[in-house]
Number of protein chains: 2
Amino acid sequence: MESLLWKEIQEQPEIIRQLIAAEHDHVLRLGRELRGKNCRFIYLAARGTSDNAARYGQYLFGGINRLPVALSAPSLFTAYQTPPRLEGALVLGISQSGQSPDIVEVLGEARRQGAPTVAITNDGDSPLARAAEHVLLLGAGRELSVAATKTYTATLALIAMLSLALDDRLRPESLLPVVPWMETALKSEPQAQAAAERMADSSRAVVLGRGYHYCTAHEIALKIKELSGVEAEPYSTADFKHGPIAMAEGGLPVILVSYGTTFRREMEVLADLVRSQGARVLPLADELPGMQPADSWIPLPPGEPEWLTPIAAILPGQLLAFHLTRARGLDPDRPRHIRKVTLTH
Amino acid sequence: MESLLWKEIQEQPEIIRQLIAAEHDHVLRLGRELRGKNCRFIYLAARGTSDNAARYGQYLFGGINRLPVALSAPSLFTAYQTPPRLEGALVLGISQSGQSPDIVEVLGEARRQGAPTVAITNDGDSPLARAAEHVLLLGAGRELSVAATKTYTATLALIAMLSLALDDRLRPESLLPVVPWMETALKSEPQAQAAAERMADSSRAVVLGRGYHYCTAHEIALKIKELSGVEAEPYSTADFKHGPIAMAEGGLPVILVSYGTTFRREMEVLADLVRSQGARVLPLADELPGMQPADSWIPLPPGEPEWLTPIAAILPGQLLAFHLTRARGLDPDRPRHIRKVTLTH
């Protein structure tokens, strides 16, 4: 393939395998220490791809730890200088580069207020790592591609480990099943490529997901936008039905992320509805009755617990974005106008 | 105009004037009672247009009351049946119809857990009103248009009153300045119409805002999408610079919501940048140096405290969506595929 991005997509199963082994004891100890703080809610600060990882945290900390999750509004800390009081919060800052000044400021203020702070970053010497009391390192190696892939899945894995550790449920084998599942997910590349070619003529697309895969839908849409220039918009299927469904016609590609049984029936009904309006349905799913090969099915291997699946389900989505970019005559290694690190204040 | 939607847009200053008078004492008492509960954070449940009102609450409760705001993930309560623990939360459910089963379930579960619950709704007999301990009524009259306008601004006004009351700062005159400002904002209709005609040939657009006007950007984009079918996407300017800025070229209409001085310089720089990439800039602003009439300036009257301005700044945005819909040959009173009430579980 001779693409940096493609190579980094392929590296992911091995990076996650190593991360699980390398950080297990550390996260376990951190979880024990944080349990003593009696936190009532999580306060999460992130931007861009990291913000999509934060959406995973919203479901995971909520569903596993039963902790409400607030996504921070960083400008309250910076531009407005009216930071909220963070008593009772566990404050988590996510940034692969660790450079974003507003995320650093959220962690700095939280620490001044005495709240426990954890940074998730790929750079242990970054301002974010220095601002936080505790640092969890992604260990993803330097990410040379402008579009984040391996730092995204590594962030999800650390969030999952931290969530389990907060309930004293982290075991060496807890996350391991996801590694072979990621390897299998990479094998769906031919289908991802076929789907990419099928939607390459459209300058617009929507990506639908719900629950644990709300983050997957957001991250697939972001990769497609960043790399291919196609205006891909993510929606919760619930919000989509509230109004934006109006635009699902005239061959609009509708990528449906469906994994597990929780929302399968809802996804089926929605697929039928938007197809009847004239949209093109592209399912990225473990099983979706009524879907034909003509619908550009991108199979995901079934069987993992739903909360773990976002770490693997994003891989065919990354491959879809990669092939869509090439199919549109662009170079995935040279996305236009995007910078790796953006300093927002 | 002979349009239901246009008429409801015009009604808004009077509805807000009446709401401020009618609900003042009630909200004041509620604020006093809730202060005794010692809440540490706000837990907000909403969807669609109400979700954009919740975004306003995120900045207002954060900036004025210094309370972190968590936007709920309703499917944790319904599909997954793993609701978070809401100790220390003030739980707020927003739905003009009061019918959405998942929002009702969030309030019901919060009440079972003993958390204080407040419903903001236009229907005092709705399931949401019955589920909540306290009810704040929008008093907007029946909203006949499918697209929400007056229930949106009334929701913002009630959120602002509740926020002030929680700090014992609500006075009869607190919100009144916004009413004449809304009346003035309606007078920018010719400019909104000119801007609509200037962007009518594009099937895509982006709407940028930040801070207190992050909600305004989201709500303008939603109205444009629902009514005109144009794929308008909202972004925080900070997130936009992180990647999606790639697509701001080839005449893409970029609607910039800029009010007050906090982000004016950032908006100026961004306007220059996207214009140099080939985008069309349409400022909806009180002042933005360097902007010419050719940029389809939609003036907003300057002078109100920034936290109050979203209640008025949305009006030219609603008018823009209305005229864009007509300019594209569609009927704003008959948007396609949208229902007034969507029952999401």
# chains A, B, ... in the order shown; residues from 1 in each chain; ligands from 1
call {"tool": "interface_residues", "arguments": {"of": "chain B", "to": "chain A", "cutoff": "8 Å", "atoms": "only C-alpha atoms", "output": "PyMOL selection string"}}
result
chain B and resi 40+43+47-48+58-59+62-73+75-76+79-80+82-88+211+222+225-226+229-231+233+238-239+241-247+262-263+336-339+341-342+344
call {"tool": "residues_around", "arguments": {"residues": "region 12-20 of chain A", "least_positions_apart": "3", "cutoff": "10 Å", "atoms": "only C-alpha atoms", "output": "ChimeraX atom specification"}}
result
/A:7-9,23-25,27,137-141,149-158,161,171-186,311-312,315
call {"tool": "atom_distance", "arguments": {"atom1": "CA of Gly260 (chain B)", "atom2": "CA of Gly209 (chain B)"}}
result
11.8 Å
call {"tool": "atom_distance", "arguments": {"atom1": "CA of Leu256 (chain A)", "atom2": "CA of Leu282 (chain A)"}}
result
6.1 Å
call {"tool": "calpha_fit_and_write", "arguments": {"fixed": "chain B", "moving": "chain A", "output": "short mmCIF file (atom, residue, chain, number, x, y, z; two decimals) with C-alpha atoms, in the first residue's frame"}}
result
data_model
loop_
_atom_site.label_atom_id
_atom_site.label_comp_id
_atom_site.auth_asym_id
_atom_site.auth_seq_id
_atom_site.Cartn_x
_atom_site.Cartn_y
_atom_site.Cartn_z
CA MET A 1 -45.99 36.32 4.49
CA GLU A 2 -48.89 33.94 5.16
CA SER A 3 -46.56 31.46 6.80
CA LEU A 4 -47.19 29.76 10.12
CA LEU A 5 -43.49 29.53 10.81
CA TRP A 6 -42.86 33.20 10.02
CA LYS A 7 -45.72 34.19 12.29
CA GLU A 8 -44.34 32.11 15.17
CA ILE A 9 -40.90 33.63 14.69
CA GLN A 10 -42.48 37.08 15.03
CA GLU A 11 -44.39 36.13 18.20
CA GLN A 12 -41.23 35.51 20.20
CA PRO A 13 -40.54 38.91 21.82
CA GLU A 14 -44.09 39.03 23.21
CA ILE A 15 -43.97 35.42 24.44
CA ILE A 16 -40.70 36.05 26.27
CA ARG A 17 -42.09 39.27 27.79
CA GLN A 18 -45.10 37.38 29.14
CA LEU A 19 -43.03 34.41 30.29
CA ILE A 20 -40.68 36.60 32.32
CA ALA A 21 -43.64 38.16 34.13
CA ALA A 22 -45.64 34.96 34.56
CA GLU A 23 -42.89 32.69 35.88
CA HIS A 24 -40.77 35.13 37.91
CA ASP A 25 -42.14 34.35 41.38
CA HIS A 26 -42.37 30.64 40.68
CA VAL A 27 -38.75 30.34 39.49
CA LEU A 28 -37.56 32.48 42.40
CA ARG A 29 -39.22 30.11 44.90
CA LEU A 30 -37.90 27.06 43.07
CA GLY A 31 -34.37 28.49 43.13
CA ARG A 32 -34.61 29.00 46.90
CA GLU A 33 -35.80 25.46 47.46
CA LEU A 34 -33.12 23.95 45.21
CA ARG A 35 -30.33 25.94 46.90
CA GLY A 36 -31.04 23.94 50.04
CA LYS A 37 -30.30 20.68 48.21
CA ASN A 38 -26.59 21.49 47.88
CA CYS A 39 -26.31 20.14 44.33
CA ARG A 40 -22.80 19.63 42.98
CA PHE A 41 -23.67 19.33 39.30
CA ILE A 42 -26.52 19.52 36.78
CA TYR A 43 -27.68 16.47 34.84
CA LEU A 44 -29.52 17.49 31.67
CA ALA A 45 -31.71 15.30 29.47
CA ALA A 46 -32.94 16.57 26.08
CA ARG A 47 -33.05 15.81 22.36
CA GLY A 48 -33.12 17.77 19.10
CA THR A 49 -33.89 21.48 19.52
CA SER A 50 -34.09 20.96 23.29
CA ASP A 51 -30.58 19.54 23.19
CA ASN A 52 -29.41 22.85 21.76
CA ALA A 53 -31.14 24.64 24.64
CA ALA A 54 -29.25 22.25 26.94
CA ARG A 55 -25.98 23.47 25.38
CA TYR A 56 -26.93 26.98 26.50
CA GLY A 57 -27.46 25.57 29.98
CA GLN A 58 -24.00 24.03 29.89
CA TYR A 59 -22.39 27.47 29.61
CA LEU A 60 -24.88 29.30 31.82
CA PHE A 61 -24.93 26.91 34.80
CA GLY A 62 -21.16 26.54 34.40
CA GLY A 63 -20.37 30.23 34.01
CA ILE A 64 -22.92 31.76 36.40
CA ASN A 65 -23.48 29.02 38.99
CA ARG A 66 -20.06 27.36 38.59
CA LEU A 67 -21.84 23.99 38.31
CA PRO A 68 -20.50 21.31 35.95
CA VAL A 69 -23.17 20.14 33.50
CA ALA A 70 -23.50 16.55 32.28
CA LEU A 71 -25.65 15.97 29.19
CA SER A 72 -27.39 12.66 29.75
CA ALA A 73 -27.00 9.58 27.57
CA PRO A 74 -30.65 8.47 27.76
CA SER A 75 -29.98 4.98 26.36
CA LEU A 76 -28.08 4.15 29.58
CA PHE A 77 -31.47 4.46 31.30
CA THR A 78 -33.56 2.72 28.65
CA ALA A 79 -31.84 0.28 26.26
CA TYR A 80 -28.97 -0.66 28.60
CA GLN A 81 -30.81 -0.26 31.91
CA THR A 82 -27.62 0.87 33.66
CA PRO A 83 -28.55 4.37 34.85
CA PRO A 84 -25.78 6.34 36.55
CA ARG A 85 -26.10 7.25 40.24
CA LEU A 86 -27.39 10.78 40.51
CA GLU A 87 -26.42 11.68 44.06
CA GLY A 88 -25.46 15.35 44.14
CA ALA A 89 -27.21 16.09 40.83
CA LEU A 90 -29.97 18.53 39.98
CA VAL A 91 -31.76 16.75 37.11
CA LEU A 92 -33.33 18.82 34.36
CA GLY A 93 -35.49 17.36 31.56
CA ILE A 94 -36.27 19.51 28.54
CA SER A 95 -38.93 18.65 25.94
CA GLN A 96 -41.48 21.04 24.45
CA SER A 97 -43.99 18.24 23.91
CA GLY A 98 -43.05 16.40 27.11
CA GLN A 99 -43.64 13.15 25.21
CA SER A 100 -40.18 11.68 24.56
CA PRO A 101 -40.18 8.39 26.51
CA ASP A 102 -36.42 8.31 27.08
CA ILE A 103 -36.33 11.81 28.58
CA VAL A 104 -39.32 10.88 30.76
CA GLU A 105 -37.45 7.75 31.92
CA VAL A 106 -34.37 9.78 32.91
CA LEU A 107 -36.54 12.01 35.10
CA GLY A 108 -38.45 9.05 36.52
CA GLU A 109 -35.26 7.21 37.49
CA ALA A 110 -33.73 10.38 38.97
CA ARG A 111 -36.81 10.85 41.11
CA ARG A 112 -36.70 7.23 42.29
CA GLN A 113 -33.08 7.88 43.30
CA GLY A 114 -34.18 10.92 45.30
CA ALA A 115 -32.52 13.58 43.14
CA PRO A 116 -34.36 16.90 42.68
CA THR A 117 -36.02 16.95 39.24
CA VAL A 118 -37.25 19.86 37.10
CA ALA A 119 -39.14 19.53 33.79
CA ILE A 120 -39.14 22.35 31.24
CA THR A 121 -42.04 21.75 28.85
CA ASN A 122 -44.83 23.43 26.93
CA ASP A 123 -47.42 20.88 28.14
CA GLY A 124 -48.24 20.71 31.85
CA ASP A 125 -50.24 17.50 31.36
CA SER A 126 -47.47 15.65 29.52
CA PRO A 127 -45.72 12.50 30.79
CA LEU A 128 -42.57 14.56 31.41
CA ALA A 129 -44.47 17.06 33.56
CA ARG A 130 -45.98 14.18 35.54
CA ALA A 131 -42.59 12.49 36.00
CA ALA A 132 -40.84 15.55 37.47
CA GLU A 133 -41.07 16.95 40.97
CA HIS A 134 -41.09 20.54 39.65
CA VAL A 135 -42.45 21.84 36.34
CA LEU A 136 -41.56 25.06 34.54
CA LEU A 137 -44.02 25.82 31.75
CA LEU A 138 -42.91 27.53 28.55
CA GLY A 139 -46.27 29.20 28.06
CA ALA A 140 -45.50 29.58 24.36
CA GLY A 141 -48.99 28.63 23.22
CA ARG A 142 -49.41 25.71 20.90
CA GLU A 143 -46.54 25.55 18.39
CA LEU A 144 -48.19 24.77 15.07
CA SER A 145 -45.05 24.78 12.95
CA VAL A 146 -43.15 21.52 12.76
CA ALA A 147 -39.87 23.40 13.26
CA ALA A 148 -39.50 24.67 16.83
CA THR A 149 -38.84 28.40 17.22
CA LYS A 150 -40.76 30.01 20.06
CA THR A 151 -40.41 26.97 22.32
CA TYR A 152 -36.62 27.19 21.83
CA THR A 153 -36.32 30.83 22.93
CA ALA A 154 -38.80 30.27 25.79
CA THR A 155 -36.68 27.33 26.97
CA LEU A 156 -33.54 29.48 26.93
CA ALA A 157 -35.36 32.16 28.92
CA LEU A 158 -36.47 29.66 31.59
CA ILE A 159 -32.95 28.21 31.83
CA ALA A 160 -31.56 31.74 32.33
CA MET A 161 -34.18 32.50 34.99
CA LEU A 162 -33.47 29.24 36.81
CA SER A 163 -29.73 29.84 36.68
CA LEU A 164 -30.10 33.31 38.20
CA ALA A 165 -32.57 32.03 40.80
CA LEU A 166 -30.14 29.31 41.90
CA ASP A 167 -27.75 32.11 42.91
CA ASP A 168 -30.56 34.30 44.31
CA ARG A 169 -29.85 36.85 41.59
CA LEU A 170 -33.17 36.70 39.72
CA ARG A 171 -34.95 40.08 39.69
CA PRO A 172 -38.09 41.11 37.78
CA GLU A 173 -35.90 43.16 35.43
CA SER A 174 -33.08 40.61 34.98
CA LEU A 175 -34.15 39.33 31.58
CA LEU A 176 -36.27 42.24 30.36
CA PRO A 177 -33.52 43.91 28.24
CA VAL A 178 -33.67 40.93 25.91
CA VAL A 179 -37.20 41.73 24.73
CA PRO A 180 -36.46 44.97 22.82
CA TRP A 181 -33.27 43.35 21.60
CA MET A 182 -35.34 40.53 20.10
CA GLU A 183 -37.59 43.12 18.45
CA THR A 184 -34.54 44.82 16.93
CA ALA A 185 -33.12 41.48 15.82
CA LEU A 186 -36.31 40.78 13.84
CA LYS A 187 -35.66 43.98 11.86
CA SER A 188 -32.59 42.39 10.27
CA GLU A 189 -34.93 40.32 8.11
CA PRO A 190 -33.93 42.02 4.83
CA GLN A 191 -30.28 41.16 5.46
CA ALA A 192 -31.19 37.61 6.47
CA GLN A 193 -33.16 37.27 3.24
CA ALA A 194 -30.26 38.63 1.17
CA ALA A 195 -27.86 36.22 2.83
CA ALA A 196 -30.30 33.34 2.22
CA GLU A 197 -30.48 34.19 -1.48
CA ARG A 198 -26.70 34.41 -1.66
CA MET A 199 -26.25 30.87 -0.28
CA ALA A 200 -29.31 29.24 -1.88
CA ASP A 201 -27.32 27.52 -4.62
CA SER A 202 -25.30 25.46 -2.15
CA SER A 203 -26.48 22.12 -0.78
CA ARG A 204 -23.99 22.40 2.10
CA ALA A 205 -23.07 24.96 4.74
CA VAL A 206 -21.33 25.19 8.08
CA VAL A 207 -22.34 27.30 11.06
CA LEU A 208 -19.64 28.34 13.52
CA GLY A 209 -20.07 29.64 17.04
CA ARG A 210 -18.29 29.39 20.33
CA GLY A 211 -18.93 29.72 24.04
CA TYR A 212 -22.43 31.07 24.76
CA HIS A 213 -23.16 30.95 21.03
CA TYR A 214 -22.20 27.33 20.53
CA CYS A 215 -25.91 26.63 21.05
CA THR A 216 -26.87 29.32 18.51
CA ALA A 217 -24.68 27.72 15.85
CA HIS A 218 -26.22 24.30 16.56
CA GLU A 219 -29.78 25.61 16.47
CA ILE A 220 -29.30 27.59 13.24
CA ALA A 221 -27.81 24.51 11.57
CA LEU A 222 -30.70 22.35 12.78
CA LYS A 223 -33.34 24.79 11.46
CA ILE A 224 -31.56 25.01 8.08
CA LYS A 225 -31.35 21.21 7.81
CA GLU A 226 -34.92 20.56 8.93
CA LEU A 227 -36.51 23.20 6.74
CA SER A 228 -34.38 23.61 3.62
CA GLY A 229 -32.67 20.22 3.30
CA VAL A 230 -29.30 22.01 3.05
CA GLU A 231 -26.71 20.00 4.96
CA ALA A 232 -25.70 22.66 7.46
CA GLU A 233 -23.24 21.49 10.09
CA PRO A 234 -22.48 23.28 13.34
CA TYR A 235 -19.04 23.49 14.89
CA SER A 236 -17.28 25.14 17.73
CA THR A 237 -14.65 27.25 15.99
CA ALA A 238 -12.06 25.46 18.13
CA ASP A 239 -13.11 22.01 16.90
CA PHE A 240 -13.51 23.31 13.34
CA LYS A 241 -9.85 24.32 13.23
CA HIS A 242 -8.91 20.80 14.37
CA GLY A 243 -9.85 19.26 11.01
CA PRO A 244 -13.22 20.03 9.37
CA ILE A 245 -11.81 23.35 8.12
CA ALA A 246 -10.51 21.27 5.20
CA MET A 247 -13.90 21.45 3.53
CA ALA A 248 -14.28 25.26 3.73
CA GLU A 249 -13.54 25.90 0.05
CA GLY A 250 -15.25 26.01 -3.33
CA GLY A 251 -17.82 28.61 -2.27
CA LEU A 252 -19.03 26.70 0.81
CA PRO A 253 -21.24 29.07 2.85
CA VAL A 254 -19.70 29.59 6.30
CA ILE A 255 -22.11 31.26 8.72
CA LEU A 256 -20.15 32.87 11.56
CA VAL A 257 -22.06 33.66 14.74
CA SER A 258 -20.06 36.31 16.58
CA TYR A 259 -21.39 38.31 19.46
CA GLY A 260 -19.44 40.33 22.00
CA THR A 261 -15.71 40.72 22.37
CA THR A 262 -14.71 37.35 23.85
CA PHE A 263 -14.10 35.59 20.55
CA ARG A 264 -14.27 38.52 18.09
CA ARG A 265 -10.57 38.45 17.19
CA GLU A 266 -10.67 34.66 16.72
CA MET A 267 -13.72 35.00 14.46
CA GLU A 268 -11.99 37.67 12.36
CA VAL A 269 -8.91 35.50 11.84
CA LEU A 270 -11.07 32.50 10.98
CA ALA A 271 -13.16 34.54 8.52
CA ASP A 272 -10.01 35.62 6.70
CA LEU A 273 -8.66 32.09 6.65
CA VAL A 274 -11.73 30.36 5.21
CA ARG A 275 -12.25 33.19 2.71
CA SER A 276 -8.68 32.68 1.49
CA GLN A 277 -9.53 28.97 1.04
CA GLY A 278 -12.45 29.95 -1.19
CA ALA A 279 -15.41 29.77 1.20
CA ARG A 280 -18.25 32.30 1.29
CA VAL A 281 -18.38 34.03 4.68
CA LEU A 282 -21.78 35.09 6.07
CA PRO A 283 -21.36 36.84 9.42
CA LEU A 284 -24.20 36.96 11.89
CA ALA A 285 -22.54 39.38 14.25
CA ASP A 286 -22.75 42.56 16.30
CA GLU A 287 -19.41 43.73 14.95
CA LEU A 288 -16.75 42.04 12.91
CA PRO A 289 -14.02 44.33 11.58
CA GLY A 290 -13.08 43.83 7.97
CA MET A 291 -16.51 42.49 7.00
CA GLN A 292 -18.11 44.15 3.99
CA PRO A 293 -21.77 44.27 2.91
CA ALA A 294 -20.74 41.84 0.15
CA ASP A 295 -20.19 39.29 2.91
CA SER A 296 -23.97 39.25 3.58
CA TRP A 297 -23.65 40.78 6.99
CA ILE A 298 -26.63 40.09 9.26
CA PRO A 299 -26.34 42.75 11.96
CA LEU A 300 -27.20 42.03 15.57
CA PRO A 301 -27.74 44.95 17.93
CA PRO A 302 -24.81 45.14 20.38
CA GLY A 303 -24.86 45.88 24.05
CA GLU A 304 -26.49 43.12 26.12
CA PRO A 305 -24.56 40.97 28.57
CA GLU A 306 -23.18 38.03 26.58
CA TRP A 307 -24.97 35.30 28.56
CA LEU A 308 -28.34 36.84 27.66
CA THR A 309 -27.69 37.27 23.94
CA PRO A 310 -28.44 33.73 22.68
CA ILE A 311 -32.16 34.36 23.35
CA ALA A 312 -32.14 37.09 20.68
CA ALA A 313 -29.27 36.06 18.38
CA ILE A 314 -31.17 33.01 17.15
CA LEU A 315 -33.94 35.14 15.59
CA PRO A 316 -32.03 36.30 12.48
CA GLY A 317 -30.85 32.68 12.17
CA GLN A 318 -34.45 31.45 12.15
CA LEU A 319 -35.27 34.06 9.50
CA LEU A 320 -32.25 32.98 7.47
CA ALA A 321 -33.47 29.36 7.54
CA PHE A 322 -36.98 30.48 6.60
CA HIS A 323 -35.86 32.53 3.59
CA LEU A 324 -33.32 29.93 2.50
CA THR A 325 -36.11 27.36 2.38
CA ARG A 326 -38.27 29.62 0.21
CA ALA A 327 -35.29 30.56 -1.98
CA ARG A 328 -34.83 26.85 -2.65
CA GLY A 329 -38.44 26.56 -3.74
CA LEU A 330 -39.69 24.74 -0.64
CA ASP A 331 -42.48 25.50 1.81
CA PRO A 332 -41.21 26.22 5.35
CA ASP A 333 -44.62 25.16 6.70
CA ARG A 334 -44.35 21.71 5.12
CA PRO A 335 -40.87 20.38 5.82
CA ARG A 336 -40.40 16.89 4.41
CA HIS A 337 -40.04 13.77 6.54
CA ILE A 338 -40.04 15.57 9.89
CA ARG A 339 -42.46 14.93 12.68
CA LYS A 340 -43.27 17.30 15.51
CA VAL A 341 -43.01 14.61 18.15
CA THR A 342 -40.63 11.69 17.80
CA LEU A 343 -40.87 8.95 20.38
CA THR A 344 -37.35 7.69 21.05
CA HIS A 345 -36.79 4.90 23.53
#
call {"tool": "select_by_dssp", "arguments": {"residues": "region 109-286 of chain A", "states": "alpha helix (DSSP H)", "output": "PyMOL selection string"}}
result
chain A and resi 109-112+127-131+150-166+178-186+189-199+214-228+237-241+264-276
call {"tool": "select_by_dssp", "arguments": {"residues": "region 125-296 of chain A", "states": "strand (DSSP E or B)", "output": "number ranges by chain"}}
result
A: 134-137, 204-209, 231-236, 253-258, 280-285
call {"tool": "write_last_selection", "arguments": {"atoms": "C-alpha atoms", "output": "PDB file, in the first residue's frame"}}
result
ATOM      1  CA  HIS A 134      -1.606  11.009  37.220  1.00  0.00           C
ATOM      2  CA  VAL A 135      -0.550  10.158  33.662  1.00  0.00           C
ATOM      3  CA  LEU A 136      -1.627   7.197  31.542  1.00  0.00           C
ATOM      4  CA  LEU A 137       0.565   6.819  28.465  1.00  0.00           C
ATOM      5  CA  ARG A 204     -22.036  13.986   1.449  1.00  0.00           C
ATOM      6  CA  ALA A 205     -22.730  11.098   3.806  1.00  0.00           C
ATOM      7  CA  VAL A 206     -24.166  10.421   7.226  1.00  0.00           C
ATOM      8  CA  VAL A 207     -22.901   7.945   9.809  1.00  0.00           C
ATOM      9  CA  LEU A 208     -25.377   6.575  12.340  1.00  0.00           C
ATOM     10  CA  GLY A 209     -24.638   4.825  15.609  1.00  0.00           C
ATOM     11  CA  GLU A 231     -19.054  16.001   4.347  1.00  0.00           C
ATOM     12  CA  ALA A 232     -19.853  13.032   6.554  1.00  0.00           C
ATOM     13  CA  GLU A 233     -22.059  13.838   9.528  1.00  0.00           C
ATOM     14  CA  PRO A 234     -22.527  11.630  12.572  1.00  0.00           C
ATOM     15  CA  TYR A 235     -25.822  11.198  14.379  1.00  0.00           C
ATOM     16  CA  SER A 236     -27.323   9.180  17.134  1.00  0.00           C
ATOM     17  CA  PRO A 253     -24.752   7.257   1.565  1.00  0.00           C
ATOM     18  CA  VAL A 254     -25.974   6.285   5.045  1.00  0.00           C
ATOM     19  CA  ILE A 255     -23.365   4.323   6.992  1.00  0.00           C
ATOM     20  CA  LEU A 256     -25.074   2.341   9.766  1.00  0.00           C
ATOM     21  CA  VAL A 257     -22.890   1.148  12.630  1.00  0.00           C
ATOM     22  CA  SER A 258     -24.726  -1.732  14.273  1.00  0.00           C
ATOM     23  CA  ARG A 280     -27.885   4.240  -0.132  1.00  0.00           C
ATOM     24  CA  VAL A 281     -27.462   2.082   2.976  1.00  0.00           C
ATOM     25  CA  LEU A 282     -23.955   0.876   3.903  1.00  0.00           C
ATOM     26  CA  PRO A 283     -24.084  -1.305   7.018  1.00  0.00           C
ATOM     27  CA  LEU A 284     -21.031  -1.734   9.191  1.00  0.00           C
ATOM     28  CA  ALA A 285     -22.487  -4.450  11.354  1.00  0.00           C
TER      29      ALA A 285
END
